[in-house]
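Structure file query-v5.cif; described as mmCIF, C-alpha atoms.
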data_final
#
loop_
_atom_site.label_atom_id
_atom_site.label_comp_id
_atom_site.auth_asym_id
_atom_site.auth_seq_id
_atom_site.Cartn_x
_atom_site.Cartn_y
_atom_site.Cartn_z
CA MET A 1 22.28 8.95 -7.75
CA SER A 2 20.25 8.58 -4.53
CA SER A 3 20.60 10.94 -1.55
CA ASP A 4 22.41 8.21 0.48
CA GLU A 5 24.91 7.67 -2.33
CA ALA A 6 25.49 11.41 -2.63
CA ARG A 7 26.19 11.65 1.10
CA MET A 8 28.75 8.84 0.85
CA VAL A 9 30.62 10.64 -1.94
CA ASP A 10 30.49 13.99 -0.09
CA ALA A 11 31.78 12.41 3.14
CA ALA A 12 34.71 10.69 1.44
CA THR A 13 35.62 13.84 -0.49
CA TYR A 14 35.37 15.96 2.65
CA GLU A 15 37.69 13.69 4.65
CA TYR A 16 40.24 13.65 1.86
CA ALA A 17 40.15 17.42 1.44
CA LYS A 18 40.37 18.01 5.21
CA ASP A 19 43.45 15.86 5.53
CA ALA A 20 45.12 17.46 2.52
CA SER A 21 44.46 20.92 3.98
CA ALA A 22 45.82 19.91 7.36
CA ALA A 23 48.95 18.50 5.77
CA ALA A 24 49.55 21.74 3.89
CA GLU A 25 49.17 23.90 7.01
CA ASP A 26 51.44 21.68 9.05
CA GLY A 27 54.04 21.72 6.28
CA SER A 28 54.39 25.53 6.49
CA GLU A 29 55.23 25.32 10.18
CA MET A 30 57.23 22.12 9.99
CA THR A 31 60.41 21.81 11.94
CA ALA A 32 63.08 19.15 11.74
CA GLY A 33 61.54 17.45 14.76
CA SER A 34 58.14 17.00 13.03
CA GLU A 35 59.31 15.25 9.86
CA ARG A 36 58.15 11.88 11.19
CA THR A 37 54.61 13.24 11.72
CA ALA A 38 54.59 14.74 8.22
CA ARG A 39 55.61 11.41 6.74
CA GLY A 40 52.71 9.80 8.59
CA ARG A 41 50.25 12.29 7.17
CA LYS A 42 51.63 11.76 3.67
CA ALA A 43 50.97 8.05 4.10
CA VAL A 44 47.33 8.71 5.04
CA ALA A 45 46.57 10.58 1.80
CA PRO A 46 46.87 7.52 -0.49
CA VAL A 47 44.70 5.52 1.92
CA LEU A 48 41.98 8.14 1.73
CA ALA A 49 42.31 8.28 -2.04
CA ILE A 50 41.81 4.52 -2.16
CA GLY A 51 38.72 4.96 0.03
CA VAL A 52 37.27 7.43 -2.43
CA LEU A 53 37.94 4.98 -5.26
CA VAL A 54 36.24 2.16 -3.33
CA VAL A 55 33.16 4.32 -2.72
CA GLY A 56 33.12 5.27 -6.39
CA ALA A 57 33.39 1.63 -7.43
CA HIS A 58 30.49 0.75 -5.14
CA LEU A 59 28.33 3.48 -6.61
CA TRP A 60 29.27 2.49 -10.16
CA SER A 61 28.39 -1.17 -9.67
CA ASN A 62 25.29 -0.77 -7.48
CA SER A 63 23.63 2.38 -8.79
CA ASN A 64 23.09 4.35 -11.99
CA LEU A 65 25.93 6.78 -11.28
CA PHE A 66 28.02 7.18 -14.46
CA ALA A 67 25.52 4.90 -16.29
CA ASP A 68 23.49 5.69 -19.41
CA ASP A 69 20.31 7.68 -18.81
CA GLU A 70 18.43 5.50 -21.31
CA VAL A 71 18.41 1.86 -22.42
CA CYS A 72 16.37 -0.22 -24.88
CA GLY A 73 17.15 2.08 -27.79
CA GLY A 74 16.16 5.18 -25.82
CA LEU A 75 12.68 3.89 -24.92
CA VAL A 76 13.43 3.25 -21.24
CA SER A 77 14.62 5.80 -18.69
CA THR A 78 17.01 4.10 -16.26
CA ASP A 79 15.88 6.37 -13.41
CA SER A 80 12.24 5.45 -14.02
CA ALA A 81 13.05 1.75 -14.31
CA ALA A 82 14.97 1.88 -11.03
CA THR A 83 11.81 2.92 -9.18
CA VAL A 84 10.09 -0.32 -10.21
CA PHE A 85 12.75 -2.77 -9.04
CA PRO A 86 12.33 -3.75 -5.38
CA SER A 87 16.10 -3.55 -4.73
CA SER A 88 18.68 -0.97 -5.76
CA GLY A 89 21.14 -1.83 -8.49
CA ARG A 90 22.67 -0.79 -11.77
CA VAL A 91 20.06 -0.68 -14.56
CA SER A 92 20.94 -1.93 -18.04
CA ASP A 93 19.37 -3.83 -20.91
CA ARG A 94 20.37 -7.42 -21.47
CA ASP A 95 20.53 -7.71 -25.26
CA GLY A 96 19.19 -4.33 -26.36
CA LEU A 97 15.98 -3.65 -28.25
CA HIS A 98 14.42 -6.30 -30.49
CA GLU A 99 12.02 -4.90 -33.10
CA ARG A 100 9.73 -6.44 -35.67
CA ALA A 101 10.37 -5.13 -39.15
CA GLY A 102 7.68 -2.83 -40.49
CA ASP A 103 6.15 -1.75 -37.16
CA ARG A 104 7.97 0.50 -34.70
CA LEU A 105 5.33 -0.37 -32.12
CA ALA A 106 6.25 -4.04 -32.03
CA PHE A 107 9.32 -4.55 -29.85
CA THR A 108 10.69 -6.37 -26.81
CA CYS A 109 13.45 -5.46 -24.37
CA VAL A 110 14.58 -7.01 -21.09
CA VAL A 111 15.72 -4.49 -18.46
CA GLU A 112 18.05 -5.69 -15.70
CA SER A 113 18.95 -4.38 -12.26
CA SER A 114 22.23 -5.90 -11.05
CA SER A 115 24.27 -5.45 -7.89
CA PHE A 116 27.65 -6.73 -6.70
CA LEU A 117 26.56 -6.69 -3.07
CA PRO A 118 26.83 -10.11 -1.37
CA GLY A 119 23.64 -12.14 -1.76
CA ALA A 120 22.09 -9.76 -4.30
CA ASP A 121 20.31 -11.27 -7.29
CA THR A 122 19.93 -9.76 -10.73
CA GLU A 123 16.31 -8.70 -11.28
CA HIS A 124 14.60 -8.56 -14.67
CA MET A 125 11.71 -6.65 -16.17
CA ARG A 126 10.36 -7.50 -19.61
CA VAL A 127 8.99 -4.55 -21.60
CA SER A 128 7.23 -4.96 -24.93
CA ALA A 129 4.86 -3.26 -27.35
CA SER A 130 2.33 -4.99 -29.57
CA ARG A 131 -1.05 -4.67 -31.24
CA GLU A 132 -3.95 -6.46 -29.62
CA ARG A 133 -7.65 -7.00 -30.13
CA GLY A 134 -9.23 -4.07 -28.33
CA ASP A 135 -10.89 -6.11 -25.56
CA PHE A 136 -7.67 -7.92 -24.63
CA PRO A 137 -7.88 -6.97 -20.89
CA PHE A 138 -11.09 -9.00 -20.63
CA ALA A 139 -10.03 -12.03 -22.70
CA ASP A 140 -9.19 -15.12 -20.68
CA ASP A 141 -6.25 -16.49 -22.63
CA GLY A 142 -3.94 -16.90 -19.65
CA ARG A 143 -1.78 -13.92 -20.58
CA TRP A 144 -3.67 -11.10 -18.91
CA PRO A 145 -4.47 -10.74 -15.20
CA ASN A 146 -8.12 -11.21 -14.31
CA PRO A 147 -9.81 -7.80 -14.67
CA ALA A 148 -11.68 -8.22 -11.37
CA GLY A 149 -8.40 -8.10 -9.44
CA THR A 150 -6.70 -5.44 -11.56
CA SER A 151 -6.32 -1.72 -10.85
CA PHE A 152 -7.55 0.19 -13.91
CA PHE A 153 -6.70 3.86 -14.47
CA SER A 154 -7.95 6.35 -17.05
CA GLY A 155 -8.01 10.06 -17.77
CA GLY A 156 -4.51 11.28 -18.57
CA SER A 157 -3.59 7.76 -19.65
CA THR A 158 -5.44 4.46 -19.93
CA GLY A 159 -4.15 1.19 -18.56
CA ALA A 160 -4.15 -1.32 -15.73
CA VAL A 161 -1.71 -3.04 -13.41
CA GLY A 162 -1.92 -6.21 -11.40
CA ARG A 163 0.53 -7.60 -8.88
CA ASP A 164 3.49 -7.76 -11.27
CA HIS A 165 2.02 -7.20 -14.74
CA GLY A 166 0.63 -4.10 -16.39
CA TRP A 167 -0.17 -2.37 -19.66
CA VAL A 168 -0.79 1.12 -21.05
CA LEU A 169 -2.79 1.93 -24.18
CA LEU A 170 -0.99 4.12 -26.71
CA PRO A 171 -2.73 7.16 -28.23
CA GLY A 172 -5.46 6.60 -30.80
CA ALA A 173 -3.22 8.02 -33.53
CA CYS A 174 -1.05 4.91 -33.09
CA THR A 175 -3.93 2.55 -34.02
CA THR A 176 -3.78 0.89 -37.44
CA ASN A 177 -5.88 -1.65 -39.31
CA ASP A 178 -4.19 -4.28 -37.14
CA GLY A 179 -5.68 -2.75 -33.99
CA PRO A 180 -4.63 -0.55 -31.07
CA ALA A 181 -1.08 -0.56 -29.73
CA ILE A 182 -0.10 -1.14 -26.12
CA VAL A 183 3.03 -1.18 -23.99
CA GLU A 184 3.18 -4.11 -21.59
CA GLY A 185 5.51 -4.92 -18.71
CA TYR A 186 6.28 -7.85 -16.41
CA ALA A 187 7.97 -6.65 -13.22
CA PRO A 188 9.73 -8.64 -10.46
CA GLU A 189 7.64 -9.88 -7.56
CA GLY A 190 7.38 -7.21 -4.87
CA SER A 191 7.39 -4.27 -7.30
CA ASP A 192 5.26 -1.21 -6.58
CA PRO A 193 2.20 -1.27 -8.90
CA LEU A 194 2.00 2.54 -9.06
CA ALA A 195 5.68 2.79 -10.00
CA LEU A 196 5.06 0.17 -12.71
CA ALA A 197 2.07 2.13 -14.06
CA ARG A 198 4.10 5.34 -14.21
CA PHE A 199 7.07 3.58 -15.77
CA LEU A 200 4.95 2.01 -18.52
CA THR A 201 3.30 5.37 -19.22
CA GLY A 202 6.75 6.87 -19.77
CA VAL A 203 7.71 4.05 -22.14
CA ALA A 204 4.42 4.50 -24.00
CA ASN A 205 5.16 8.20 -24.51
CA ARG A 206 8.65 7.52 -25.85
CA ALA A 207 7.40 4.72 -28.11
CA ALA A 208 4.58 6.88 -29.52
CA GLU A 209 6.92 9.81 -30.08
CA ARG A 210 9.42 7.60 -31.90
CA ALA A 211 6.60 6.20 -34.06
CA GLY A 212 5.29 9.70 -34.84
CA CYS A 213 1.85 9.21 -33.26
CA LEU A 214 2.08 11.37 -30.13
CA ALA A 215 0.05 14.07 -31.84
CA GLU A 216 -2.05 15.26 -28.90
CA GLY A 217 0.73 15.58 -26.35
CA PRO A 218 2.20 13.12 -23.84
CA LEU A 219 0.13 10.76 -21.76
CA ALA A 220 -0.08 11.75 -18.09
CA THR A 221 1.03 9.32 -15.39
CA PRO A 222 -1.67 8.19 -12.95
CA PRO A 223 -1.44 10.01 -9.58
CA THR A 224 -2.89 7.08 -7.64
CA LEU A 225 -4.32 3.59 -8.12
CA THR A 226 -7.45 2.05 -6.71
CA ALA A 227 -6.86 -0.68 -4.17
CA SER A 228 -7.22 -4.24 -5.41
CA PRO A 229 -10.51 -5.73 -4.16
CA VAL A 230 -10.65 -8.72 -1.84
CA SER A 231 -12.76 -11.82 -2.41
CA ARG A 232 -16.04 -12.33 -0.57
CA PRO A 233 -18.76 -14.99 -0.39
CA VAL A 234 -21.28 -15.01 -3.25
CA GLU A 235 -24.80 -13.89 -2.35
CA LYS A 236 -27.41 -16.12 -3.97
CA SER A 237 -29.82 -13.24 -4.59
CA ALA A 238 -27.22 -10.91 -6.05
CA VAL A 239 -24.27 -12.60 -7.69
CA CYS A 240 -21.50 -10.01 -8.19
CA GLY A 241 -23.74 -7.52 -6.43
CA LEU A 242 -26.16 -7.49 -9.37
CA GLU A 243 -29.73 -8.16 -8.37
CA GLY A 244 -31.25 -11.08 -10.25
CA LEU A 245 -27.99 -12.36 -11.75
CA ALA A 246 -27.98 -16.18 -11.73
CA PHE A 247 -25.07 -18.21 -10.40
CA PRO A 248 -22.89 -19.44 -13.30
CA GLY A 249 -22.77 -23.04 -12.16
CA PRO A 250 -24.73 -26.09 -11.09
CA GLU A 251 -27.89 -26.08 -9.05
CA GLY A 252 -27.38 -26.72 -5.35
CA TRP A 253 -23.99 -24.98 -4.99
CA THR A 254 -23.22 -24.01 -1.40
CA GLU A 255 -19.92 -22.14 -1.27
CA ALA A 256 -18.29 -19.81 -3.77
CA LYS A 257 -16.15 -16.67 -3.68
CA GLU A 258 -16.35 -13.59 -5.87
CA THR A 259 -14.03 -10.64 -6.44
CA VAL A 260 -15.73 -7.45 -7.58
CA GLN A 261 -14.44 -4.13 -8.83
CA GLU A 262 -16.72 -1.90 -6.76
CA SER A 263 -16.38 1.12 -9.04
CA ARG A 264 -19.26 1.08 -11.52
CA ARG A 265 -17.65 3.33 -14.14
CA PRO A 266 -15.82 3.46 -16.36
CA THR A 267 -14.72 -0.16 -15.81
CA TRP A 268 -16.38 -2.85 -13.69
CA ALA A 269 -15.57 -6.55 -13.44
CA CYS A 270 -16.45 -9.55 -11.31
CA GLU A 271 -14.85 -12.97 -11.05
CA VAL A 272 -16.87 -15.81 -9.56
CA ALA A 273 -13.87 -17.93 -8.68
CA GLY A 274 -13.58 -20.95 -10.95
CA TYR A 275 -16.87 -20.32 -12.75
CA ALA A 276 -17.04 -17.06 -14.72
CA THR A 277 -15.74 -13.51 -15.16
CA TYR A 278 -18.12 -10.68 -16.09
CA ALA A 279 -16.81 -7.35 -17.38
CA MET A 280 -18.15 -3.97 -18.42
CA THR A 281 -16.36 -0.84 -19.55
CA GLN A 282 -17.38 2.56 -20.85
CA GLU A 283 -13.79 3.83 -20.88
CA PRO A 284 -13.66 5.82 -24.15
CA ARG A 285 -10.14 4.83 -25.22
CA ILE A 286 -10.72 1.13 -24.55
CA VAL A 287 -14.05 1.13 -26.39
CA GLU A 288 -12.46 3.04 -29.28
CA GLY A 289 -9.78 0.36 -29.55
CA ILE A 290 -12.40 -2.38 -29.46
CA ARG A 291 -14.46 -0.84 -32.25
CA SER A 292 -11.39 -0.30 -34.44
CA SER A 293 -10.13 -3.89 -34.12
CA PRO A 294 -10.27 -6.48 -36.90
CA GLY A 295 -13.26 -8.81 -36.59
CA PHE A 296 -15.57 -6.29 -34.93
CA LYS A 297 -18.98 -6.67 -36.59
CA GLU A 298 -22.71 -6.89 -35.96
CA GLN A 299 -23.84 -9.60 -33.54
CA PRO A 300 -27.26 -11.06 -32.58
CA GLN A 301 -29.47 -8.85 -30.44
CA VAL A 302 -29.58 -9.35 -26.68
CA ALA A 303 -32.73 -8.45 -24.73
CA GLY A 304 -33.96 -6.53 -27.77
CA ARG A 305 -30.82 -4.42 -27.92
CA ARG A 306 -28.57 -4.14 -30.99
CA MET A 307 -25.06 -5.49 -30.48
CA SER A 308 -21.74 -5.32 -32.29
CA GLY A 309 -18.62 -7.16 -31.32
CA PHE A 310 -16.39 -10.17 -31.90
CA ASP A 311 -18.88 -12.90 -30.93
CA PRO A 312 -22.20 -13.10 -29.06
CA ARG A 313 -20.54 -12.70 -25.63
CA HIS A 314 -17.96 -9.97 -26.37
CA VAL A 315 -20.02 -7.03 -27.57
CA VAL A 316 -20.61 -3.29 -27.51
CA ALA A 317 -24.12 -1.92 -26.92
CA ASP A 318 -25.58 1.55 -26.53
CA CYS A 319 -26.41 2.54 -22.94
CA ALA A 320 -28.22 5.90 -22.82
CA GLY A 321 -26.00 7.17 -25.62
CA VAL A 322 -22.77 5.76 -24.16
CA PRO A 323 -21.03 2.88 -26.02
CA THR A 324 -20.68 0.10 -23.47
CA TYR A 325 -18.60 -3.05 -23.78
CA LEU A 326 -19.89 -6.24 -22.12
CA SER A 327 -18.25 -9.66 -21.92
CA LEU A 328 -18.52 -13.02 -20.20
CA GLU A 329 -15.75 -15.60 -19.87
CA PHE A 330 -16.27 -19.06 -18.40
CA GLY A 331 -14.00 -20.94 -16.02
CA GLN A 332 -13.32 -24.63 -15.58
CA GLY A 333 -15.93 -24.93 -12.84
CA TYR A 334 -18.66 -23.96 -15.27
CA GLN A 335 -17.26 -26.18 -18.02
CA ASP A 336 -17.35 -29.18 -15.66
CA ALA A 337 -20.94 -28.37 -14.67
CA VAL A 338 -22.31 -28.19 -18.22
CA GLY A 339 -25.06 -30.77 -18.48
CA SER A 340 -25.59 -30.99 -14.72
CA PRO A 341 -29.11 -30.28 -13.42
CA GLY A 342 -29.81 -26.58 -13.05
CA THR A 343 -26.68 -25.32 -14.82
CA PRO A 344 -27.75 -22.27 -16.91
CA ARG A 345 -26.95 -22.10 -20.62
CA ARG A 346 -24.11 -19.79 -21.64
CA GLN A 347 -26.29 -17.40 -23.61
CA ASP A 348 -28.92 -17.30 -20.87
CA LEU A 349 -26.24 -16.25 -18.41
CA PHE A 350 -25.00 -13.54 -20.74
CA ASP A 351 -28.52 -12.27 -21.45
CA GLY A 352 -29.16 -12.09 -17.70
CA PHE A 353 -25.90 -10.20 -17.20
CA VAL A 354 -26.79 -7.64 -19.89
CA GLU A 355 -30.17 -7.01 -18.31
CA ALA A 356 -28.74 -6.75 -14.77
CA ILE A 357 -25.86 -4.42 -15.66
CA GLU A 358 -28.08 -2.18 -17.78
CA LYS A 359 -30.47 -1.86 -14.85
CA ARG A 360 -27.53 -0.96 -12.61
CA LEU A 361 -26.21 1.63 -15.08
CA GLY A 362 -29.63 3.10 -15.79
CA CYS A 363 -29.65 2.35 -19.52
CA SER A 364 -32.87 3.26 -21.30
CA THR A 365 -35.17 0.51 -22.58
CA PRO A 366 -34.33 -0.38 -26.20
CA THR A 367 -36.89 0.77 -28.76
CA SER A 368 -35.85 -1.58 -31.55
#

Show this structure as structure tokens.
Amino acid sequence: MSSDEARMVDAATYEYAKDASAAAEDGSEMTAGSERTARGRKAVAPVLAIGVLVVGAHLWSNSNLFADDEVCGGLVSTDSAATVFPSSGRVSDRDGLHERAGDRLAFTCVVESSSFLPGADTEHMRVSASRERGDFPFADDGRWPNPAGTSFFSGGSTGAVGRDHGWVLLPGACTTNDGPAIVEGYAPEGSDPLALARFLTGVANRAAERAGCLAEGPLATPPTLTASPVSRPVEKSAVCGLEGLAFPGPEGWTEAKETVQESRRPTWACEVAGYATYAMTQEPRIVEGIRSSPGFKEQPQVAGRRMSGFDPRHVVADCAGVPTYLSLEFGQGYQDAVGSPGTPRRQDLFDGFVEAIEKRLGCSTPTS
């Protein structure tokens, strides 16, 4: 119950108690001439009682007072979920928890926030857990927000949130031969990204505990999030701020925008709008999930450096002893420019990216 709701209950209770006390005192000194006044006070008491019931009904239907503390089979705290929804309401789950047989870390649940206030809409938040290929945050399959505009967090927990979509990686003990496990959430528009990150971390802890893989203690919620970067014009001499990186499009381009995660480590990403998205991460938990995923194997060398990964443009290399994931995804603008004069080849662009990012990170020159 919020502080405002508590004050409403206290005020109604106080008024009722005050009137009852006054009626009792007056009754002890009542004379025959005051019977009419006493009858009036007795009539007020039921009215006040009805007022208390009305306040209680409001709190029951528009808050979590008298509601369950948990929904979705105990995986979701209603108090934590309430912090994500932009408007106050009563938190519940629509149809309960849906699980896939054989894996306790494969489930879906829709959380609702409903209110009986005039004009209020029921808001929904979809929460799920699944196993993904370890580099899923950097795969352009339309499901995940572009990493260049996403706030990543690591340390006590590992994850990322966008405007209304986020995920948290479960502990390494939860990883199987099918890959690492994550908890994912889609929140209503206008939700607080930090509240979503903290909420998903709580769900991840409960899911891991239920699955018996929370061996090293609970994940810690992120204290803050980095601000989402804003787009800026592309500089011809330093695409994505990387000196020497070629533009991933046709020769003679004049205008283009890029969005860059300014933080170099542990995760960096850049989207050249419509053309390509470059990504790099040295985040230990993400790289661990990548290397433990099905399909991870040796790939062709790039710039004389040994590579392992899923294909020639989604790989892990050694950078001064630190495993470093590198990827390049292409947009429709590049696809349309293939074959046009001056459009670089895909592998040439990736090779140039590897060389530029390794120079930025200070990776040693490969010896083999």

For this session: Check which residues satisfy the PyMOL selection byres ((chain A and resi 332) around 12) in the file shown, then give them as a PyMOL selection string.
Result: chain A and resi 140+248-249+272-277+329-331+333-338

What residues come out when you apply the PyMOL selection byres ((chain A and resi 256) around 6) to this file, written as an mmCIF file with C-alpha atoms, in the coordinates of the input?
data_model
loop_
_atom_site.group_PDB
_atom_site.id
_atom_site.type_symbol
_atom_site.label_atom_id
_atom_site.label_comp_id
_atom_site.auth_asym_id
_atom_site.auth_seq_id
_atom_site.Cartn_x
_atom_site.Cartn_y
_atom_site.Cartn_z
ATOM 1 C CA PRO A 233 -18.760 -14.990 -0.390
ATOM 2 C CA VAL A 234 -21.280 -15.010 -3.250
ATOM 3 C CA GLU A 255 -19.920 -22.140 -1.270
ATOM 4 C CA LYS A 257 -16.150 -16.670 -3.680
#

Problem set entry | For Arg133 in chain A, the nearest of the candidates A:Leu328, A:Leu196, A:Ile182, A:Val161, counting all atoms listed in the file |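 For Arg133 in chain A, the nearest of the candidates is A:Ile182.
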
Exercise. The PyMOL selection byres ((chain A and resi 317) around 9) on the file shown: which residues, as a count of residues only?
Worked result: 14

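Between CA of Thr78 in chain A and CA of Gly96 in chain A lies a distance of 13.3 Å.
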
Exercise. Taking into account all atoms listed in the file, which residue in the set A:Pro250, A:Pro229, A:Gly73, A:Pro294 is nearest to Glu262 in chain A?
Worked result: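 Looking only at the distances to Glu262 in chain A, the closest residue turns out to be A:Pro229.
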
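Each of A:Ala356, A:Leu361, A:Val230, A:Met125 was compared to Thr267 in chain A using only C-alpha atoms, and A:Leu361 turns out to be the nearest.
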
Exercise. So which residues fall inside 6 Å of (1.8, -8.0, -16.4) if we count only C-alpha atoms? Mind giving them as a VMD selection string?
Worked result: chain A and resid 164 to 166 185 to 186

Those residues with C-alpha atoms, as a PDB file, in the coordinates of the input please?
ATOM      1  CA  ASP A 164       3.490  -7.760 -11.270  1.00  0.00           C
ATOM      2  CA  HIS A 165       2.020  -7.200 -14.740  1.00  0.00           C
ATOM      3  CA  GLY A 166       0.630  -4.100 -16.390  1.00  0.00           C
ATOM      4  CA  GLY A 185       5.510  -4.920 -18.710  1.00  0.00           C
ATOM      5  CA  TYR A 186       6.280  -7.850 -16.410  1.00  0.00           C
TER       6      TYR A 186
END

For this session: Measure the distance from CA of Ala101 in chain A to CA of Pro171 in chain A in Å and round it to one decimal.
Result: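 It comes out at 21.0 Å.
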
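CA of Thr108 in chain A is found 5.8 Å from CA of Val127 in chain A.
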
Exercise. Pick from A:Arg104, A:Arg163, A:Arg345, A:Arg126: nearest to Gly212 in chain A, with all atoms listed in the file counted?
Worked result: A:Arg104

Exercise. Looking at only C-alpha atoms, which of A:Thr158, A:Ser80, A:Ser231, A:Gln347 is the one that sits closest to Ala303 in chain A?
Worked result: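 Using only C-alpha atoms, Ala303 in chain A sits closest to A:Gln347.
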
Problem set entry | Residues within 8 Å of (-7.3, 5.3, -20.2), counting all atoms listed in the file, listed as an MDAnalysis selection string | chainID A and resid 153:159 168:169 283:286

Problem set entry | Selection near range 81-94 of chain A, 9 Å with only C-alpha atoms, sequence-local residues under 2 positions removed, as a ChimeraX atom specification | /A:59-65,67-68,70-72,76-79,96-97,109-116,120,122-125,187-196,199

Exercise. Which residues come within 7 Å of Ala148 in chain A, counting only C-alpha atoms, excluding same-chain residues fewer than 6 positions away, as a ChimeraX atom specification?
Worked result: /A:259-261,269-271

Problem set entry | Residue nearest Cys240 in chain A among A:Ala181, A:Ala106, A:Ala173, A:Ala279 (counting all atoms listed in the file) |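 The shortest atom-to-atom distance to Cys240 in chain A comes from A:Ala279.
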
Rebuild all heavy atoms on range 201-207 of chain A, as a PDB file, in the frame of the given file?
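So selection_26.pdb came out as:
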ATOM      1  N   THR A 201       3.798   4.164 -18.560  1.00  0.00           N
ATOM      2  CA  THR A 201       3.300   5.370 -19.220  1.00  0.00           C
ATOM      3  C   THR A 201       4.443   6.132 -19.878  1.00  0.00           C
ATOM      4  O   THR A 201       4.319   6.629 -21.007  1.00  0.00           O
ATOM      5  CB  THR A 201       2.563   6.276 -18.220  1.00  0.00           C
ATOM      6  OG1 THR A 201       1.497   5.541 -17.604  1.00  0.00           O
ATOM      7  CG2 THR A 201       1.983   7.496 -18.915  1.00  0.00           C
ATOM      8  N   GLY A 202       5.577   6.205 -19.187  1.00  0.00           N
ATOM      9  CA  GLY A 202       6.750   6.870 -19.770  1.00  0.00           C
ATOM     10  C   GLY A 202       7.249   6.148 -21.007  1.00  0.00           C
ATOM     11  O   GLY A 202       7.597   6.784 -22.012  1.00  0.00           O
ATOM     12  N   VAL A 203       7.291   4.816 -20.964  1.00  0.00           N
ATOM     13  CA  VAL A 203       7.710   4.050 -22.140  1.00  0.00           C
ATOM     14  C   VAL A 203       6.728   4.252 -23.287  1.00  0.00           C
ATOM     15  O   VAL A 203       7.129   4.400 -24.455  1.00  0.00           O
ATOM     16  CB  VAL A 203       7.830   2.551 -21.793  1.00  0.00           C
ATOM     17  CG1 VAL A 203       8.181   1.741 -23.042  1.00  0.00           C
ATOM     18  CG2 VAL A 203       8.883   2.319 -20.714  1.00  0.00           C
ATOM     19  N   ALA A 204       5.427   4.284 -22.966  1.00  0.00           N
ATOM     20  CA  ALA A 204       4.420   4.500 -24.000  1.00  0.00           C
ATOM     21  C   ALA A 204       4.609   5.851 -24.683  1.00  0.00           C
ATOM     22  O   ALA A 204       4.483   5.964 -25.913  1.00  0.00           O
ATOM     23  CB  ALA A 204       3.016   4.413 -23.391  1.00  0.00           C
ATOM     24  N   ASN A 205       4.921   6.876 -23.924  1.00  0.00           N
ATOM     25  CA  ASN A 205       5.160   8.200 -24.510  1.00  0.00           C
ATOM     26  C   ASN A 205       6.364   8.180 -25.444  1.00  0.00           C
ATOM     27  O   ASN A 205       6.320   8.727 -26.561  1.00  0.00           O
ATOM     28  CB  ASN A 205       5.381   9.225 -23.397  1.00  0.00           C
ATOM     29  CG  ASN A 205       4.088   9.722 -22.788  1.00  0.00           C
ATOM     30  OD1 ASN A 205       3.069   9.846 -23.468  1.00  0.00           O
ATOM     31  ND2 ASN A 205       4.111  10.020 -21.497  1.00  0.00           N
ATOM     32  N   ARG A 206       7.440   7.562 -25.015  1.00  0.00           N
ATOM     33  CA  ARG A 206       8.650   7.520 -25.850  1.00  0.00           C
ATOM     34  C   ARG A 206       8.413   6.684 -27.109  1.00  0.00           C
ATOM     35  O   ARG A 206       8.885   7.043 -28.198  1.00  0.00           O
ATOM     36  CB  ARG A 206       9.811   6.931 -25.040  1.00  0.00           C
ATOM     37  CG  ARG A 206      10.319   7.865 -23.941  1.00  0.00           C
ATOM     38  CD  ARG A 206      11.341   7.173 -23.053  1.00  0.00           C
ATOM     39  NE  ARG A 206      11.841   8.081 -22.028  1.00  0.00           N
ATOM     40  CZ  ARG A 206      13.118   8.388 -21.840  1.00  0.00           C
ATOM     41  NH1 ARG A 206      14.036   7.845 -22.625  1.00  0.00           N
ATOM     42  NH2 ARG A 206      13.490   9.209 -20.888  1.00  0.00           N
ATOM     43  N   ALA A 207       7.679   5.571 -26.954  1.00  0.00           N
ATOM     44  CA  ALA A 207       7.400   4.720 -28.110  1.00  0.00           C
ATOM     45  C   ALA A 207       6.510   5.447 -29.113  1.00  0.00           C
ATOM     46  O   ALA A 207       6.735   5.383 -30.336  1.00  0.00           O
ATOM     47  CB  ALA A 207       6.736   3.430 -27.652  1.00  0.00           C
TER      48      ALA A 207
END
